[in-house]
Each structure stands twice: as C-alpha cells, then as structure tokens.
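*Asks:* Quick one: the structure is below, and I'll ask about it shortly.
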Amino acid sequence: MESAVRVCVTGAAGQIGYSLLPLICTGRVFGAGKKVHLRLLDIAPMEEVLKGVLLEIEDGAYPLVASIQISSDPRVAFKDADFVIFLGGFPRKPGMERRELLQINGKIFKEQGEALNEVANADVKCLVVANPANTNCLILLKNAPRLSAQNFSCLTRLDHNRALAQLAIKSSVTVDQVKNVIIWGNHSTTQYPDVNHGTIGAKPIREVINDNDYLNGPFIERVQKRGGEVLAQRKNSSVMSAANAVADHIITWIQGTPEGEWTSMGVYSNGEYDTPKDLVFSFPVRCKDGKFEIVTGLTIDEFSRAKLNATADELLQEKTDAFA
C-alpha cells in the first residue's frame, strides 16, 4: 500500500462534490493503492449538509478513506494538504452583473489564497473549478506568493472532453481515437476549441471530417455553449461530467500525458503564443512527474489568432473587474 494523500475539497456540500467524492474514495483519482485523508470544506451555513456528506462517506465503507475531517475554516482544511480542489464559489444570481460576481468571488479566493500561503504543503496542487475558474485561479495564486505557479491550474478538461466527444460522434469513432484537440483561453463561451493539430485514428481531424464550415462554426459553438445546453435539458448545471473532468485532470497531472499527446489545462501565462502575460489561460500542456509544461511551437493561423485574441480580451476584462 502506497503512502496516504491529504486531499481538501472546497464547496464539498455541493452537487459536484457529491459526484466527485465517490471517485476519490474508490481510488479512481489518486490510485487503487493510495489511502486518502479527506478534508471537506464549506461555508458555516452548510455545516449540517456537510455532516450528512460525512455520514454517507462513512456508510460507503471505502477501504481507501483513512480519515474524514469537515471544517468551515480554510486554514484548518488546507493544513499540509497535498491537493486542494476548489469547487466552492459564489454563484451568479438573477440580475447580478458579472463584475459584481467577480468581485465577490475575488474576496473568497483572496482569503483562500492567503490561507494556502500560510499553511499548505509547498508542493500542494490546486485545481480551481468554481467559476469564473480562470480568474478565480489567478486571484488564488496571486495571494499565495510562497507557492509556485506550477502549483495552480483551472479546469478546462470538461471543455476538452466535450470537444473530443463531439468529434468522435461526428466521425463515428470512440473517443479514444481522437487526440490532441486544444481548448484555448477562458472557460466561458469565448473559449476556442481548436482541431488544427489534432488527429482521429492517427489522421488529421480536418482530413477525417472534411467539413471546414462545421469545424469552424457549429462544432466550436456547440462546445462553447454545451454547459447551457445541459442546463436547458436537465434544469441544472453539468455535475456528473464536471466531476469526471476533475478526475481526468488530476489523473493526467499526476500520471502524465501519453507520449506524443497533450491535454488542455488553464495555467499561468508568461506570454506563450503571444497571449497576454499574467493571466490564467487554457493552453495545450504535457504532464510528467507531477508537473505540467505548455506545448510550444504550434502554428497559429489567422482564424485561430482572432479566436485567441477574443478570449484573451475577455480574460483581461475579468482581471480588471476582479482586481478593481
């Protein structure tokens, strides 16, 4: 049996947490031989619900769960954590301006970043899921200067998985045949799902799906707006697929990307591909030995450049609003 891992989940009383926790407890995320010390964090008004989640984990009798702790204090929950999965954030309410939402979440992630800076393991891996995920992640890392930018990423794996699935359906293959699509930019409707460097069954995507009108139009729009499509059908946001994407993201971060392949992660930008510096931007990344690196040297055509600029502009405005 391998050594145990200390995992904190924020917003653990919420719906994504309810779908994610069984994946953690059964070993899907951190490995079948890895014991898990769970820290479940949520706001004080959710304490009773959180206690109910704890009871269900106990009743699951998961052999890999070494301990469970619940808290509303991030300094308690983050103490010596190896992984923190940030599901918790303030939801957008009817009539609320996006700027107001950014500022409210900015305060939450500023406080959590300060707590990380004080008590977290120096090698802690932080995955931000709560929206607006890119900008929340930027605020978090800016308030934890003791930690490297390598410690932080935000979730665009759900968008990446959505793109893989749509291409597989369109070409009548299984998803594992689709490789190296890219999600650029923001986890929002300005994201750019890029097929130009990807393959289906080892052939270029644009060769297999010989329909540029589709790939440059309806495909992009469907991936961008898939969350809204799910919401319209379920009358609720994406939960099961989001939890699965969190698991996929962490597994890849730990175990690495297969040779010759990459995935999409929102990570700190140092100006790669002429994107603005000092944003959290989704790039193609390779992972190895628990670290990620941005894939370099890919050609960006004129169509793609316009898409990258549009999503970068949105992230710059979010940053301005959040840090105002």
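Letters A, B, ... mark the chains of the structure tokens in the order given; residue numbers begin at 1 per chain; ligand numbers begin at 1, in order shown.
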Can you pull out every residue from segment 16-235 of chain A that DSSP, working from the backbone, puts in strand (DSSP E), and format the result as a PyMOL selection string?

*Replies:* chain A and resi 34-41+65-71+83-86+125-128+152-154+178-179+182-184+192-194+199-200+203-204

*Asks:* Would you mind listing what lies within 10 Å of Leu21 of chain A as number ranges by chain, with only C-alpha atoms counted and same-chain residues fewer than 5 positions away left out?

*Replies:* A: 9, 12, 16, 26, 29, 38, 40, 53, 57, 243, 247

*Asks:* Restricting the calculation to only C-alpha atoms, which member of A:Leu279, A:Gln233, A:Leu158, A:Arg6 is positioned closest to Leu141 of chain A?

*Replies:*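 For Leu141 of chain A, the nearest of the given residues is A:Leu279.
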
*Asks:* Can you tell me, as a list in words, what residues are no more than 6 Å from segment 290-292 of chain A when counting only C-alpha atoms, ignoring any on the same chain fewer than 4 positions away?

*Replies:*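 In the requested format, the answer is Trp253, Ile254 and Arg286 of chain A.
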
*Asks:* Since we have the selection now, will you write its residues out, keeping C-alpha atoms, as an mmCIF file, in the first residue's frame?

*Replies:*
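Written out: result-v1.cif:
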data_model
loop_
_atom_site.group_PDB
_atom_site.id
_atom_site.type_symbol
_atom_site.label_atom_id
_atom_site.label_comp_id
_atom_site.auth_asym_id
_atom_site.auth_seq_id
_atom_site.Cartn_x
_atom_site.Cartn_y
_atom_site.Cartn_z
ATOM 1 C CA TRP A 253 -1.472 15.846 -13.764
ATOM 2 C CA ILE A 254 -0.192 13.007 -11.556
ATOM 3 C CA ARG A 286 2.043 17.941 -21.377
#

*Asks:* Residues of segment 168-259 of chain A that have any atom at most 8 Å from an atom of segment 298-306 of chain A: could you tabulate them with the shortest-distance atom pair and the distance in Å to one decimal, using only C-alpha atoms, ordered by chain and increasing number, as a Markdown table?

*Replies:*
| residue | atom | partner | partner_atom | distance |
| --- | --- | --- | --- | --- |
| A:Tyr192 | CA | A:Ser304 | CA | 7.9 |
| A:Asp194 | CA | A:Ser304 | CA | 7.6 |
| A:His197 | CA | A:Leu298 | CA | 7.8 |

*Asks:* Using DSSP on the backbone coordinates, identify the residues of segment 81-304 of chain A assigned to alpha helix (DSSP H); present them as a PyMOL selection string.

*Replies:* chain A and resi 98-119+133-142+157-171+205-208+212-215+218-224+226-234+240-255+302-304

*Asks:* Can you tell me, as a list in words, what residues are no more than 9 Å from Pro132 of chain A when counting only C-alpha atoms, ignoring any on the same chain fewer than 6 positions away?

*Replies:*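 The residues that qualify are Gly89, Leu101, Leu102, Asn105, Asn186, His187, Ser188 and Glu318 of chain A.
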
*Asks:* Skip segment 125-130 of chain A itself and residues of its chain fewer than 2 positions away, then list as number ranges by chain all residues within 8 Å of it, counting only C-alpha atoms.

*Replies:* A: 82-89, 123, 132-134, 136-137, 151-155, 246

*Asks:* Using only C-alpha atoms, which of A:Thr135, A:Ser19, A:Ser171, A:Thr311 sits nearest Asn244 of chain A?

*Replies:*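 Among the listed residues, the smallest separation from Asn244 of chain A belongs to A:Ser19.
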
*Asks:* Between atom CA of Gly106 of chain A and atom CA of Lys235 of chain A, what is the distance, to one decimal in Å?

*Replies:*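 Those two atoms sit 27.4 Å apart.
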
*Asks:* At what distance in Å, to one decimal, does atom CA of Asp42 of chain A lie from atom CA of Asp80 of chain A?

*Replies:* 18.0 Å
